[in-house]
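Chemist: start.txt is reproduced below (compact mmCIF, N, CA, C and O atoms).
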```
# COMPACT_ATOMS: atom_id res chain seq x y z
N ASP A 1 0.82 -1.21 0.00
CA ASP A 1 0.00 0.00 0.00
C ASP A 1 0.86 1.26 0.00
O ASP A 1 0.50 2.26 -0.61
N PHE A 2 1.98 1.18 0.72
CA PHE A 2 2.88 2.32 0.82
C PHE A 2 3.42 2.71 -0.56
O PHE A 2 3.35 3.87 -0.95
N TYR A 3 3.93 1.73 -1.30
CA TYR A 3 4.46 2.01 -2.64
C TYR A 3 3.35 2.40 -3.60
O TYR A 3 3.54 3.28 -4.45
N ASP A 4 2.21 1.74 -3.51
CA ASP A 4 1.07 2.08 -4.37
C ASP A 4 0.66 3.54 -4.20
O ASP A 4 0.34 4.22 -5.18
N PHE A 5 0.67 4.01 -2.95
CA PHE A 5 0.30 5.39 -2.67
C PHE A 5 1.21 6.36 -3.42
O PHE A 5 0.75 7.27 -4.10
N TRP A 6 2.52 6.17 -3.29
CA TRP A 6 3.46 7.06 -3.95
C TRP A 6 3.36 6.95 -5.46
O TRP A 6 3.42 7.94 -6.17
N GLU A 7 3.24 5.73 -5.96
CA GLU A 7 3.15 5.52 -7.40
C GLU A 7 1.90 6.17 -7.98
O GLU A 7 1.95 6.74 -9.07
N SER A 8 0.79 6.11 -7.27
CA SER A 8 -0.46 6.71 -7.76
C SER A 8 -0.34 8.23 -7.87
O SER A 8 -1.06 8.85 -8.64
N ARG A 9 0.57 8.81 -7.11
CA ARG A 9 0.80 10.25 -7.16
C ARG A 9 2.06 10.62 -7.95
O ARG A 9 2.51 11.75 -7.91
N GLN A 10 2.64 9.62 -8.60
CA GLN A 10 3.85 9.78 -9.41
C GLN A 10 4.99 10.43 -8.62
O GLN A 10 5.69 11.31 -9.10
N ILE A 11 5.16 9.96 -7.40
CA ILE A 11 6.25 10.41 -6.53
C ILE A 11 7.32 9.32 -6.55
O ILE A 11 7.04 8.17 -6.22
N GLY A 12 8.54 9.69 -6.93
CA GLY A 12 9.63 8.73 -6.96
C GLY A 12 10.07 8.34 -5.55
O GLY A 12 9.91 9.11 -4.60
N TYR A 13 10.59 7.14 -5.42
CA TYR A 13 11.04 6.67 -4.11
C TYR A 13 12.18 5.67 -4.23
O TYR A 13 12.39 5.07 -5.27
N VAL A 14 12.89 5.52 -3.14
CA VAL A 14 13.89 4.48 -2.94
C VAL A 14 13.67 3.96 -1.53
O VAL A 14 13.64 4.74 -0.58
N GLY A 15 13.52 2.66 -1.39
CA GLY A 15 13.30 2.08 -0.07
C GLY A 15 14.05 0.77 0.07
O GLY A 15 14.21 0.03 -0.89
N LYS A 16 14.50 0.50 1.25
CA LYS A 16 15.25 -0.72 1.53
C LYS A 16 14.32 -1.92 1.57
O LYS A 16 13.23 -1.83 2.11
N LEU A 17 14.77 -3.03 1.01
CA LEU A 17 14.00 -4.28 1.05
C LEU A 17 14.61 -5.24 2.06
O LEU A 17 15.83 -5.28 2.21
N LYS A 18 13.77 -6.02 2.67
CA LYS A 18 14.25 -7.10 3.53
C LYS A 18 14.86 -8.17 2.63
O LYS A 18 14.30 -8.52 1.59
N TRP A 19 16.01 -8.68 3.03
CA TRP A 19 16.70 -9.71 2.25
C TRP A 19 16.06 -11.06 2.58
O TRP A 19 16.28 -11.61 3.64
N THR A 20 15.24 -11.56 1.68
CA THR A 20 14.53 -12.82 1.90
C THR A 20 15.15 -13.93 1.07
O THR A 20 15.89 -13.67 0.12
N SER A 21 14.82 -15.16 1.40
CA SER A 21 15.33 -16.29 0.62
C SER A 21 14.79 -16.26 -0.80
O SER A 21 15.48 -16.63 -1.75
N ARG A 22 13.57 -15.77 -0.97
CA ARG A 22 12.99 -15.66 -2.31
C ARG A 22 13.74 -14.64 -3.17
O ARG A 22 14.04 -14.89 -4.33
N LEU A 23 14.06 -13.50 -2.58
CA LEU A 23 14.84 -12.49 -3.28
C LEU A 23 16.25 -13.01 -3.55
O LEU A 23 16.78 -12.86 -4.65
N ALA A 24 16.85 -13.66 -2.57
CA ALA A 24 18.20 -14.21 -2.73
C ALA A 24 18.24 -15.23 -3.87
O ALA A 24 19.20 -15.27 -4.64
N GLN A 25 17.21 -16.03 -3.99
CA GLN A 25 17.14 -17.02 -5.07
C GLN A 25 17.13 -16.35 -6.44
O GLN A 25 17.85 -16.74 -7.34
N GLN A 26 16.31 -15.30 -6.58
CA GLN A 26 16.26 -14.60 -7.87
C GLN A 26 17.58 -13.91 -8.17
O GLN A 26 18.06 -13.94 -9.29
N VAL A 27 18.20 -13.32 -7.15
CA VAL A 27 19.48 -12.65 -7.34
C VAL A 27 20.57 -13.66 -7.71
O VAL A 27 21.43 -13.38 -8.54
N SER A 28 20.53 -14.84 -7.13
CA SER A 28 21.55 -15.86 -7.41
C SER A 28 21.54 -16.29 -8.88
O SER A 28 22.54 -16.79 -9.39
N GLU A 29 20.43 -16.09 -9.56
CA GLU A 29 20.33 -16.44 -10.97
C GLU A 29 20.94 -15.38 -11.88
O GLU A 29 21.12 -15.61 -13.07
N CYS A 30 21.25 -14.22 -11.33
CA CYS A 30 21.84 -13.12 -12.11
C CYS A 30 23.33 -13.36 -12.28
O CYS A 30 24.04 -13.59 -11.31
N LYS A 31 23.80 -13.30 -13.49
CA LYS A 31 25.21 -13.60 -13.77
C LYS A 31 26.02 -12.39 -14.21
O LYS A 31 27.23 -12.42 -14.19
N HIS A 32 25.37 -11.31 -14.63
CA HIS A 32 26.09 -10.18 -15.21
C HIS A 32 26.02 -8.96 -14.30
O HIS A 32 25.15 -8.11 -14.44
N TRP A 33 26.91 -8.93 -13.34
CA TRP A 33 27.00 -7.83 -12.39
C TRP A 33 27.88 -6.73 -12.96
O TRP A 33 28.86 -7.00 -13.64
N THR A 34 27.54 -5.47 -12.65
CA THR A 34 28.38 -4.34 -13.03
C THR A 34 29.36 -4.09 -11.89
O THR A 34 28.95 -3.99 -10.73
N HIS A 35 30.63 -4.01 -12.22
CA HIS A 35 31.69 -3.83 -11.23
C HIS A 35 31.95 -2.33 -11.04
O HIS A 35 32.12 -1.60 -12.01
N PHE A 36 31.96 -1.88 -9.79
CA PHE A 36 32.23 -0.48 -9.48
C PHE A 36 33.53 -0.39 -8.70
O PHE A 36 33.86 -1.27 -7.91
N VAL A 37 34.26 0.68 -8.91
CA VAL A 37 35.59 0.84 -8.32
C VAL A 37 35.48 1.47 -6.94
O VAL A 37 34.76 2.43 -6.73
N ASP A 38 36.21 0.90 -6.00
CA ASP A 38 36.32 1.44 -4.66
C ASP A 38 37.65 0.95 -4.10
O ASP A 38 38.10 -0.14 -4.44
N GLU A 39 38.28 1.72 -3.23
CA GLU A 39 39.60 1.35 -2.73
C GLU A 39 39.58 0.17 -1.76
O GLU A 39 40.39 -0.72 -1.85
N ASP A 40 38.65 0.18 -0.81
CA ASP A 40 38.65 -0.82 0.25
C ASP A 40 37.64 -1.94 0.05
O ASP A 40 37.67 -2.94 0.76
N TRP A 41 36.72 -1.76 -0.88
CA TRP A 41 35.64 -2.73 -1.10
C TRP A 41 35.54 -3.09 -2.58
O TRP A 41 35.78 -2.26 -3.43
N ILE A 42 35.14 -4.30 -2.84
CA ILE A 42 34.72 -4.70 -4.17
C ILE A 42 33.20 -4.53 -4.17
O ILE A 42 32.51 -5.10 -3.33
N ILE A 43 32.69 -3.71 -5.07
CA ILE A 43 31.27 -3.42 -5.11
C ILE A 43 30.75 -3.75 -6.50
O ILE A 43 31.32 -3.33 -7.50
N GLU A 44 29.66 -4.52 -6.53
CA GLU A 44 29.02 -4.87 -7.79
C GLU A 44 27.52 -4.64 -7.66
O GLU A 44 26.97 -4.71 -6.56
N GLY A 45 26.88 -4.35 -8.77
CA GLY A 45 25.45 -4.07 -8.73
C GLY A 45 24.70 -4.63 -9.92
O GLY A 45 25.28 -4.85 -10.99
N ILE A 46 23.41 -4.85 -9.70
CA ILE A 46 22.49 -5.25 -10.77
C ILE A 46 21.14 -4.57 -10.51
O ILE A 46 20.87 -4.12 -9.40
N VAL A 47 20.35 -4.52 -11.55
CA VAL A 47 18.96 -4.08 -11.43
C VAL A 47 18.11 -5.20 -11.98
O VAL A 47 18.41 -5.77 -13.03
N LEU A 48 17.05 -5.54 -11.27
CA LEU A 48 16.15 -6.60 -11.73
C LEU A 48 14.72 -6.20 -11.41
O LEU A 48 14.47 -5.22 -10.71
N PHE A 49 13.80 -6.96 -11.94
CA PHE A 49 12.39 -6.74 -11.64
C PHE A 49 11.93 -7.89 -10.76
O PHE A 49 12.15 -9.05 -11.08
N TYR A 50 11.32 -7.54 -9.64
CA TYR A 50 11.02 -8.49 -8.59
C TYR A 50 9.61 -8.21 -8.06
O TYR A 50 9.19 -7.06 -7.95
N LYS A 51 8.92 -9.27 -7.72
CA LYS A 51 7.60 -9.14 -7.12
C LYS A 51 7.62 -9.81 -5.75
O LYS A 51 7.67 -11.04 -5.65
N ALA A 52 7.63 -9.01 -4.71
CA ALA A 52 7.59 -9.54 -3.34
C ALA A 52 6.24 -10.21 -3.13
O ALA A 52 5.25 -9.88 -3.78
N SER A 53 6.19 -11.12 -2.19
CA SER A 53 4.95 -11.88 -1.96
C SER A 53 3.80 -10.98 -1.49
O SER A 53 2.64 -11.33 -1.67
N THR A 54 4.10 -9.82 -0.92
CA THR A 54 3.05 -8.92 -0.45
C THR A 54 2.66 -7.86 -1.48
O THR A 54 1.78 -7.05 -1.21
N TRP A 55 3.33 -7.82 -2.61
CA TRP A 55 3.04 -6.84 -3.65
C TRP A 55 2.09 -7.44 -4.67
O TRP A 55 2.16 -8.63 -4.97
N HIS A 56 1.27 -6.60 -5.27
CA HIS A 56 0.39 -7.07 -6.32
C HIS A 56 1.01 -6.89 -7.71
O HIS A 56 0.43 -7.31 -8.71
N LYS A 57 2.20 -6.27 -7.78
CA LYS A 57 2.86 -6.09 -9.07
C LYS A 57 4.38 -6.15 -8.92
O LYS A 57 4.93 -6.05 -7.81
N THR A 58 5.04 -6.29 -10.05
CA THR A 58 6.51 -6.34 -10.10
C THR A 58 7.05 -4.91 -10.01
O THR A 58 6.47 -3.99 -10.58
N ARG A 59 8.18 -4.79 -9.29
CA ARG A 59 8.81 -3.47 -9.16
C ARG A 59 10.31 -3.58 -9.46
O ARG A 59 10.90 -4.64 -9.38
N ARG A 60 10.89 -2.42 -9.75
CA ARG A 60 12.32 -2.33 -10.05
C ARG A 60 13.11 -2.38 -8.75
O ARG A 60 12.82 -1.64 -7.80
N VAL A 61 14.12 -3.26 -8.71
CA VAL A 61 14.93 -3.44 -7.52
C VAL A 61 16.41 -3.34 -7.90
O VAL A 61 16.85 -4.00 -8.84
N ALA A 62 17.13 -2.51 -7.18
CA ALA A 62 18.59 -2.40 -7.35
C ALA A 62 19.23 -3.22 -6.24
O ALA A 62 18.86 -3.11 -5.08
N VAL A 63 20.20 -4.05 -6.63
CA VAL A 63 20.90 -4.90 -5.66
C VAL A 63 22.39 -4.58 -5.73
O VAL A 63 22.98 -4.52 -6.81
N ILE A 64 22.96 -4.36 -4.57
CA ILE A 64 24.40 -4.14 -4.45
C ILE A 64 24.97 -5.28 -3.63
O ILE A 64 24.39 -5.70 -2.62
N ARG A 65 26.10 -5.79 -4.08
CA ARG A 65 26.83 -6.74 -3.24
C ARG A 65 28.24 -6.18 -3.08
O ARG A 65 28.79 -5.58 -4.00
N LYS A 66 28.78 -6.36 -1.89
CA LYS A 66 30.13 -5.83 -1.63
C LYS A 66 30.88 -6.79 -0.73
O LYS A 66 30.29 -7.55 0.04
N MET A 67 32.18 -6.74 -0.86
CA MET A 67 33.06 -7.51 0.03
C MET A 67 34.34 -6.71 0.21
O MET A 67 34.74 -5.94 -0.67
N GLN A 68 34.94 -6.88 1.36
CA GLN A 68 36.20 -6.18 1.62
C GLN A 68 37.27 -6.71 0.68
O GLN A 68 37.33 -7.89 0.37
N ARG A 69 38.10 -5.78 0.25
CA ARG A 69 39.19 -6.13 -0.65
C ARG A 69 40.34 -6.75 0.15
O ARG A 69 40.67 -6.28 1.22
N TYR A 70 40.88 -7.83 -0.38
CA TYR A 70 42.03 -8.50 0.22
C TYR A 70 43.18 -8.48 -0.79
O TYR A 70 42.99 -8.15 -1.95
N ALA A 71 44.38 -8.85 -0.35
CA ALA A 71 45.56 -8.79 -1.21
C ALA A 71 45.34 -9.52 -2.53
O ALA A 71 45.59 -8.98 -3.59
N ASP A 72 44.89 -10.75 -2.49
CA ASP A 72 44.62 -11.50 -3.71
C ASP A 72 43.19 -12.00 -3.63
O ASP A 72 42.93 -13.14 -3.30
N ASP A 73 42.24 -11.12 -3.96
CA ASP A 73 40.84 -11.43 -3.71
C ASP A 73 40.14 -12.11 -4.89
O ASP A 73 38.98 -12.47 -4.79
N HIS A 74 40.81 -12.33 -6.00
CA HIS A 74 40.14 -12.92 -7.16
C HIS A 74 39.54 -14.30 -6.88
O HIS A 74 38.42 -14.55 -7.29
N PRO A 75 40.20 -15.20 -6.16
CA PRO A 75 39.56 -16.49 -5.88
C PRO A 75 38.32 -16.35 -4.99
O PRO A 75 37.42 -17.16 -5.06
N LEU A 76 38.26 -15.30 -4.18
CA LEU A 76 37.14 -15.11 -3.27
C LEU A 76 35.88 -14.64 -3.98
O LEU A 76 34.77 -14.81 -3.46
N LEU A 77 36.04 -14.07 -5.18
CA LEU A 77 34.88 -13.53 -5.88
C LEU A 77 33.84 -14.60 -6.19
O LEU A 77 32.66 -14.31 -6.33
N GLU A 78 34.28 -15.83 -6.31
CA GLU A 78 33.35 -16.92 -6.62
C GLU A 78 32.64 -17.47 -5.38
O GLU A 78 31.66 -18.19 -5.50
N LEU A 79 33.11 -17.12 -4.21
CA LEU A 79 32.52 -17.63 -2.97
C LEU A 79 31.44 -16.67 -2.46
O LEU A 79 31.74 -15.58 -2.02
N ASP A 80 30.21 -17.11 -2.52
CA ASP A 80 29.10 -16.24 -2.15
C ASP A 80 29.11 -15.87 -0.67
O ASP A 80 28.54 -14.86 -0.28
N THR A 81 29.76 -16.62 0.17
CA THR A 81 29.73 -16.36 1.61
C THR A 81 30.45 -15.06 1.99
O THR A 81 30.22 -14.54 3.08
N PHE A 82 31.30 -14.53 1.13
CA PHE A 82 32.03 -13.31 1.44
C PHE A 82 31.26 -12.04 1.06
O PHE A 82 31.61 -10.96 1.48
N TRP A 83 30.21 -12.17 0.26
CA TRP A 83 29.46 -11.00 -0.20
C TRP A 83 28.43 -10.56 0.84
O TRP A 83 27.79 -11.37 1.49
N GLN A 84 28.27 -9.24 0.97
CA GLN A 84 27.19 -8.64 1.75
C GLN A 84 26.21 -8.03 0.75
O GLN A 84 26.63 -7.29 -0.14
N TYR A 85 24.94 -8.36 0.86
CA TYR A 85 23.93 -7.93 -0.10
C TYR A 85 23.00 -6.89 0.48
O TYR A 85 22.65 -6.96 1.65
N GLU A 86 22.59 -5.94 -0.37
CA GLU A 86 21.59 -4.94 -0.02
C GLU A 86 20.68 -4.77 -1.22
O GLU A 86 21.15 -4.71 -2.35
N ALA A 87 19.38 -4.67 -0.98
CA ALA A 87 18.41 -4.48 -2.06
C ALA A 87 17.53 -3.28 -1.76
O ALA A 87 17.11 -3.08 -0.61
N MET A 88 17.26 -2.48 -2.77
CA MET A 88 16.42 -1.31 -2.65
C MET A 88 15.39 -1.29 -3.77
O MET A 88 15.75 -1.45 -4.93
N VAL A 89 14.14 -1.11 -3.43
CA VAL A 89 13.07 -0.97 -4.42
C VAL A 89 13.01 0.51 -4.81
O VAL A 89 13.21 1.39 -3.96
N THR A 90 12.78 0.78 -6.08
CA THR A 90 12.80 2.17 -6.54
C THR A 90 11.97 2.37 -7.79
O THR A 90 11.77 1.44 -8.57
N THR A 91 11.54 3.60 -7.96
CA THR A 91 10.90 4.00 -9.22
C THR A 91 11.90 4.73 -10.11
O THR A 91 11.60 5.02 -11.25
N GLU A 92 13.05 5.04 -9.55
CA GLU A 92 14.06 5.79 -10.31
C GLU A 92 14.76 4.88 -11.33
O GLU A 92 14.92 3.69 -11.09
N SER A 93 15.21 5.45 -12.42
CA SER A 93 15.86 4.67 -13.48
C SER A 93 17.39 4.72 -13.38
O SER A 93 18.08 4.51 -14.36
N TRP A 94 17.89 5.00 -12.20
CA TRP A 94 19.33 5.14 -11.99
C TRP A 94 20.03 3.78 -12.00
O TRP A 94 19.41 2.74 -11.82
N GLU A 95 21.36 3.84 -12.16
CA GLU A 95 22.19 2.64 -12.00
C GLU A 95 22.09 2.16 -10.55
O GLU A 95 21.81 2.94 -9.64
N ALA A 96 22.37 0.89 -10.33
CA ALA A 96 22.28 0.31 -8.99
C ALA A 96 23.15 1.06 -7.98
O ALA A 96 22.72 1.31 -6.85
N ILE A 97 24.34 1.44 -8.38
CA ILE A 97 25.25 2.13 -7.45
C ILE A 97 24.69 3.49 -7.04
O ILE A 97 24.83 3.91 -5.89
N ASP A 98 24.01 4.16 -7.97
CA ASP A 98 23.44 5.48 -7.67
C ASP A 98 22.24 5.36 -6.73
O ASP A 98 22.06 6.19 -5.84
N VAL A 99 21.43 4.32 -6.91
CA VAL A 99 20.31 4.07 -5.99
C VAL A 99 20.85 3.80 -4.59
O VAL A 99 20.37 4.36 -3.61
N TRP A 100 21.88 2.97 -4.52
CA TRP A 100 22.50 2.61 -3.24
C TRP A 100 23.09 3.83 -2.54
O TRP A 100 22.87 4.04 -1.34
N ARG A 101 23.82 4.65 -3.28
CA ARG A 101 24.42 5.85 -2.68
C ARG A 101 23.35 6.84 -2.23
O ARG A 101 23.47 7.43 -1.15
N PHE A 102 22.33 7.02 -3.04
CA PHE A 102 21.23 7.91 -2.68
C PHE A 102 20.57 7.44 -1.38
O PHE A 102 20.35 8.22 -0.46
N TYR A 103 20.26 6.16 -1.32
CA TYR A 103 19.61 5.62 -0.13
C TYR A 103 20.51 5.76 1.10
O TYR A 103 20.06 6.19 2.16
N ASN A 104 21.76 5.41 0.97
CA ASN A 104 22.66 5.41 2.13
C ASN A 104 22.99 6.81 2.62
O ASN A 104 23.38 6.97 3.78
N GLN A 105 22.80 7.83 1.80
CA GLN A 105 22.98 9.20 2.28
C GLN A 105 21.84 9.59 3.22
O GLN A 105 21.97 10.49 4.01
N ARG A 106 20.70 8.91 3.09
CA ARG A 106 19.52 9.30 3.84
C ARG A 106 19.01 8.24 4.80
O ARG A 106 18.04 8.46 5.50
N CYS A 107 19.64 7.08 4.85
CA CYS A 107 19.07 5.95 5.59
C CYS A 107 18.96 6.20 7.09
O CYS A 107 18.09 5.65 7.74
N CYS A 108 19.78 7.03 7.65
CA CYS A 108 19.69 7.27 9.09
C CYS A 108 18.40 8.02 9.44
O CYS A 108 17.98 8.02 10.59
N MET A 109 17.75 8.62 8.47
CA MET A 109 16.49 9.34 8.72
C MET A 109 15.41 8.39 9.23
O MET A 109 14.53 8.79 9.96
N GLU A 110 15.48 7.11 8.82
CA GLU A 110 14.49 6.15 9.30
C GLU A 110 14.50 6.03 10.81
O GLU A 110 13.47 5.77 11.42
N ASN A 111 15.65 6.23 11.42
CA ASN A 111 15.74 6.16 12.87
C ASN A 111 14.95 7.31 13.52
O ASN A 111 14.39 7.15 14.60
N TYR A 112 14.92 8.46 12.87
CA TYR A 112 14.18 9.61 13.40
C TYR A 112 12.69 9.47 13.16
O TYR A 112 11.88 9.89 13.97
N ILE A 113 12.32 8.89 12.02
CA ILE A 113 10.91 8.72 11.68
C ILE A 113 10.29 7.73 12.64
O ILE A 113 9.25 7.91 13.18
```
Would you encode the structure as structure tokens?

Modeler:
Amino acid sequence: DFYDFWESRQIGYVGKLKWTSRLAQQVSECKHWTHFVDEDWIIEGIVLFYKASTWHKTRRVAVIRKMQRYADDHPLLELDTFWQYEAMVTTESWEAIDVWRFYNQRCCMENYI
């Protein structure tokens, strides 16, 4: 209902999604991640269309995965246990990294709300 309200008024949004096994399964099927440069972290992102079990329609979801950079981290890239995942639902057409950065600049506001 929350997303429907904003969409009906054509108000753009970015919101954090709970990382569920259903979402993780769909993300695990994605093979073509975009690699973003960072000094201390390996950051990759994708955008997919996902329908949560409580939604009546499919929505755009940006997913970021990151892991700390190690001296020789190439063998670790294949091991899913080292990745930390974050997913954000959005109406914006931005790249995954831009959705993630936008959200993380404002995420502490949820604590005040």

Chemist: Could you list as a ChimeraX atom specification every residue that has an atom within 8 Å of (18.6, -0.7, 1.1), using the file's coordinates and counting all atoms listed in the file?

Modeler: /A:14-18,62,85-89,99-100,103-104

Chemist: Can you measure atom O of Gly45 of chain A to atom C of Gln25 of chain A for me? One decimal in Å is fine.

Modeler: 14.8 Å

Chemist: Do you have the atom C of Ser21 of chain A-atom C of Lys57 of chain A distance handy?

Modeler: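 For atom C of Ser21 of chain A relative to atom C of Lys57 of chain A, the distance reads 16.6 Å.
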
Chemist: As a PyMOL selection string, please: all residues of chain A that backbone DSSP puts in alpha helix (DSSP H).

Modeler: chain A and resi 2-8+21-28+96-106+109-112

Chemist: Could you check how far atom CA of Trp83 of chain A sits from atom CA of Arg69 of chain A, in Å to one decimal?

Modeler: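 These two atoms are separated by 10.9 Å.
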
Chemist: Select, from A:Asp38, A:Ala52, A:Asp4, A:Phe102, the residue with the minimum atom-to-atom distance to Arg22 of chain A, counting all atoms listed in the file.

Modeler: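 Of A:Asp38, A:Ala52, A:Asp4, A:Phe102, the one nearest Arg22 of chain A is A:Ala52, counting all atoms listed in the file.
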
Chemist: Based on DSSP run over this structure's backbone, return all residues of chain A in strand (DSSP E), as a compact mmCIF listing (two decimals) with N, CA, C and O atoms, in the frame of the given file.

Modeler:
```
# COMPACT_ATOMS: atom_id res chain seq x y z
N VAL A 14 12.89 5.52 -3.14
CA VAL A 14 13.89 4.48 -2.94
C VAL A 14 13.67 3.96 -1.53
O VAL A 14 13.64 4.74 -0.58
N GLY A 15 13.52 2.66 -1.39
CA GLY A 15 13.30 2.08 -0.07
C GLY A 15 14.05 0.77 0.07
O GLY A 15 14.21 0.03 -0.89
N LYS A 16 14.50 0.50 1.25
CA LYS A 16 15.25 -0.72 1.53
C LYS A 16 14.32 -1.92 1.57
O LYS A 16 13.23 -1.83 2.11
N THR A 34 27.54 -5.47 -12.65
CA THR A 34 28.38 -4.34 -13.03
C THR A 34 29.36 -4.09 -11.89
O THR A 34 28.95 -3.99 -10.73
N HIS A 35 30.63 -4.01 -12.22
CA HIS A 35 31.69 -3.83 -11.23
C HIS A 35 31.95 -2.33 -11.04
O HIS A 35 32.12 -1.60 -12.01
N PHE A 36 31.96 -1.88 -9.79
CA PHE A 36 32.23 -0.48 -9.48
C PHE A 36 33.53 -0.39 -8.70
O PHE A 36 33.86 -1.27 -7.91
N TRP A 41 36.72 -1.76 -0.88
CA TRP A 41 35.64 -2.73 -1.10
C TRP A 41 35.54 -3.09 -2.58
O TRP A 41 35.78 -2.26 -3.43
N ILE A 42 35.14 -4.30 -2.84
CA ILE A 42 34.72 -4.70 -4.17
C ILE A 42 33.20 -4.53 -4.17
O ILE A 42 32.51 -5.10 -3.33
N ILE A 43 32.69 -3.71 -5.07
CA ILE A 43 31.27 -3.42 -5.11
C ILE A 43 30.75 -3.75 -6.50
O ILE A 43 31.32 -3.33 -7.50
N GLU A 44 29.66 -4.52 -6.53
CA GLU A 44 29.02 -4.87 -7.79
C GLU A 44 27.52 -4.64 -7.66
O GLU A 44 26.97 -4.71 -6.56
N GLY A 45 26.88 -4.35 -8.77
CA GLY A 45 25.45 -4.07 -8.73
C GLY A 45 24.70 -4.63 -9.92
O GLY A 45 25.28 -4.85 -10.99
N ILE A 46 23.41 -4.85 -9.70
CA ILE A 46 22.49 -5.25 -10.77
C ILE A 46 21.14 -4.57 -10.51
O ILE A 46 20.87 -4.12 -9.40
N VAL A 47 20.35 -4.52 -11.55
CA VAL A 47 18.96 -4.08 -11.43
C VAL A 47 18.11 -5.20 -11.98
O VAL A 47 18.41 -5.77 -13.03
N LEU A 48 17.05 -5.54 -11.27
CA LEU A 48 16.15 -6.60 -11.73
C LEU A 48 14.72 -6.20 -11.41
O LEU A 48 14.47 -5.22 -10.71
N PHE A 49 13.80 -6.96 -11.94
CA PHE A 49 12.39 -6.74 -11.64
C PHE A 49 11.93 -7.89 -10.76
O PHE A 49 12.15 -9.05 -11.08
N TYR A 50 11.32 -7.54 -9.64
CA TYR A 50 11.02 -8.49 -8.59
C TYR A 50 9.61 -8.21 -8.06
O TYR A 50 9.19 -7.06 -7.95
N ARG A 59 8.18 -4.79 -9.29
CA ARG A 59 8.81 -3.47 -9.16
C ARG A 59 10.31 -3.58 -9.46
O ARG A 59 10.90 -4.64 -9.38
N ARG A 60 10.89 -2.42 -9.75
CA ARG A 60 12.32 -2.33 -10.05
C ARG A 60 13.11 -2.38 -8.75
O ARG A 60 12.82 -1.64 -7.80
N VAL A 61 14.12 -3.26 -8.71
CA VAL A 61 14.93 -3.44 -7.52
C VAL A 61 16.41 -3.34 -7.90
O VAL A 61 16.85 -4.00 -8.84
N ALA A 62 17.13 -2.51 -7.18
CA ALA A 62 18.59 -2.40 -7.35
C ALA A 62 19.23 -3.22 -6.24
O ALA A 62 18.86 -3.11 -5.08
N VAL A 63 20.20 -4.05 -6.63
CA VAL A 63 20.90 -4.90 -5.66
C VAL A 63 22.39 -4.58 -5.73
O VAL A 63 22.98 -4.52 -6.81
N ILE A 64 22.96 -4.36 -4.57
CA ILE A 64 24.40 -4.14 -4.45
C ILE A 64 24.97 -5.28 -3.63
O ILE A 64 24.39 -5.70 -2.62
N ARG A 65 26.10 -5.79 -4.08
CA ARG A 65 26.83 -6.74 -3.24
C ARG A 65 28.24 -6.18 -3.08
O ARG A 65 28.79 -5.58 -4.00
N LYS A 66 28.78 -6.36 -1.89
CA LYS A 66 30.13 -5.83 -1.63
C LYS A 66 30.88 -6.79 -0.73
O LYS A 66 30.29 -7.55 0.04
N MET A 67 32.18 -6.74 -0.86
CA MET A 67 33.06 -7.51 0.03
C MET A 67 34.34 -6.71 0.21
O MET A 67 34.74 -5.94 -0.67
N GLN A 68 34.94 -6.88 1.36
CA GLN A 68 36.20 -6.18 1.62
C GLN A 68 37.27 -6.71 0.68
O GLN A 68 37.33 -7.89 0.37
N GLN A 84 28.27 -9.24 0.97
CA GLN A 84 27.19 -8.64 1.75
C GLN A 84 26.21 -8.03 0.75
O GLN A 84 26.63 -7.29 -0.14
N TYR A 85 24.94 -8.36 0.86
CA TYR A 85 23.93 -7.93 -0.10
C TYR A 85 23.00 -6.89 0.48
O TYR A 85 22.65 -6.96 1.65
N GLU A 86 22.59 -5.94 -0.37
CA GLU A 86 21.59 -4.94 -0.02
C GLU A 86 20.68 -4.77 -1.22
O GLU A 86 21.15 -4.71 -2.35
N ALA A 87 19.38 -4.67 -0.98
CA ALA A 87 18.41 -4.48 -2.06
C ALA A 87 17.53 -3.28 -1.76
O ALA A 87 17.11 -3.08 -0.61
N MET A 88 17.26 -2.48 -2.77
CA MET A 88 16.42 -1.31 -2.65
C MET A 88 15.39 -1.29 -3.77
O MET A 88 15.75 -1.45 -4.93
N VAL A 89 14.14 -1.11 -3.43
CA VAL A 89 13.07 -0.97 -4.42
C VAL A 89 13.01 0.51 -4.81
O VAL A 89 13.21 1.39 -3.96
N THR A 90 12.78 0.78 -6.08
CA THR A 90 12.80 2.17 -6.54
C THR A 90 11.97 2.37 -7.79
O THR A 90 11.77 1.44 -8.57
```
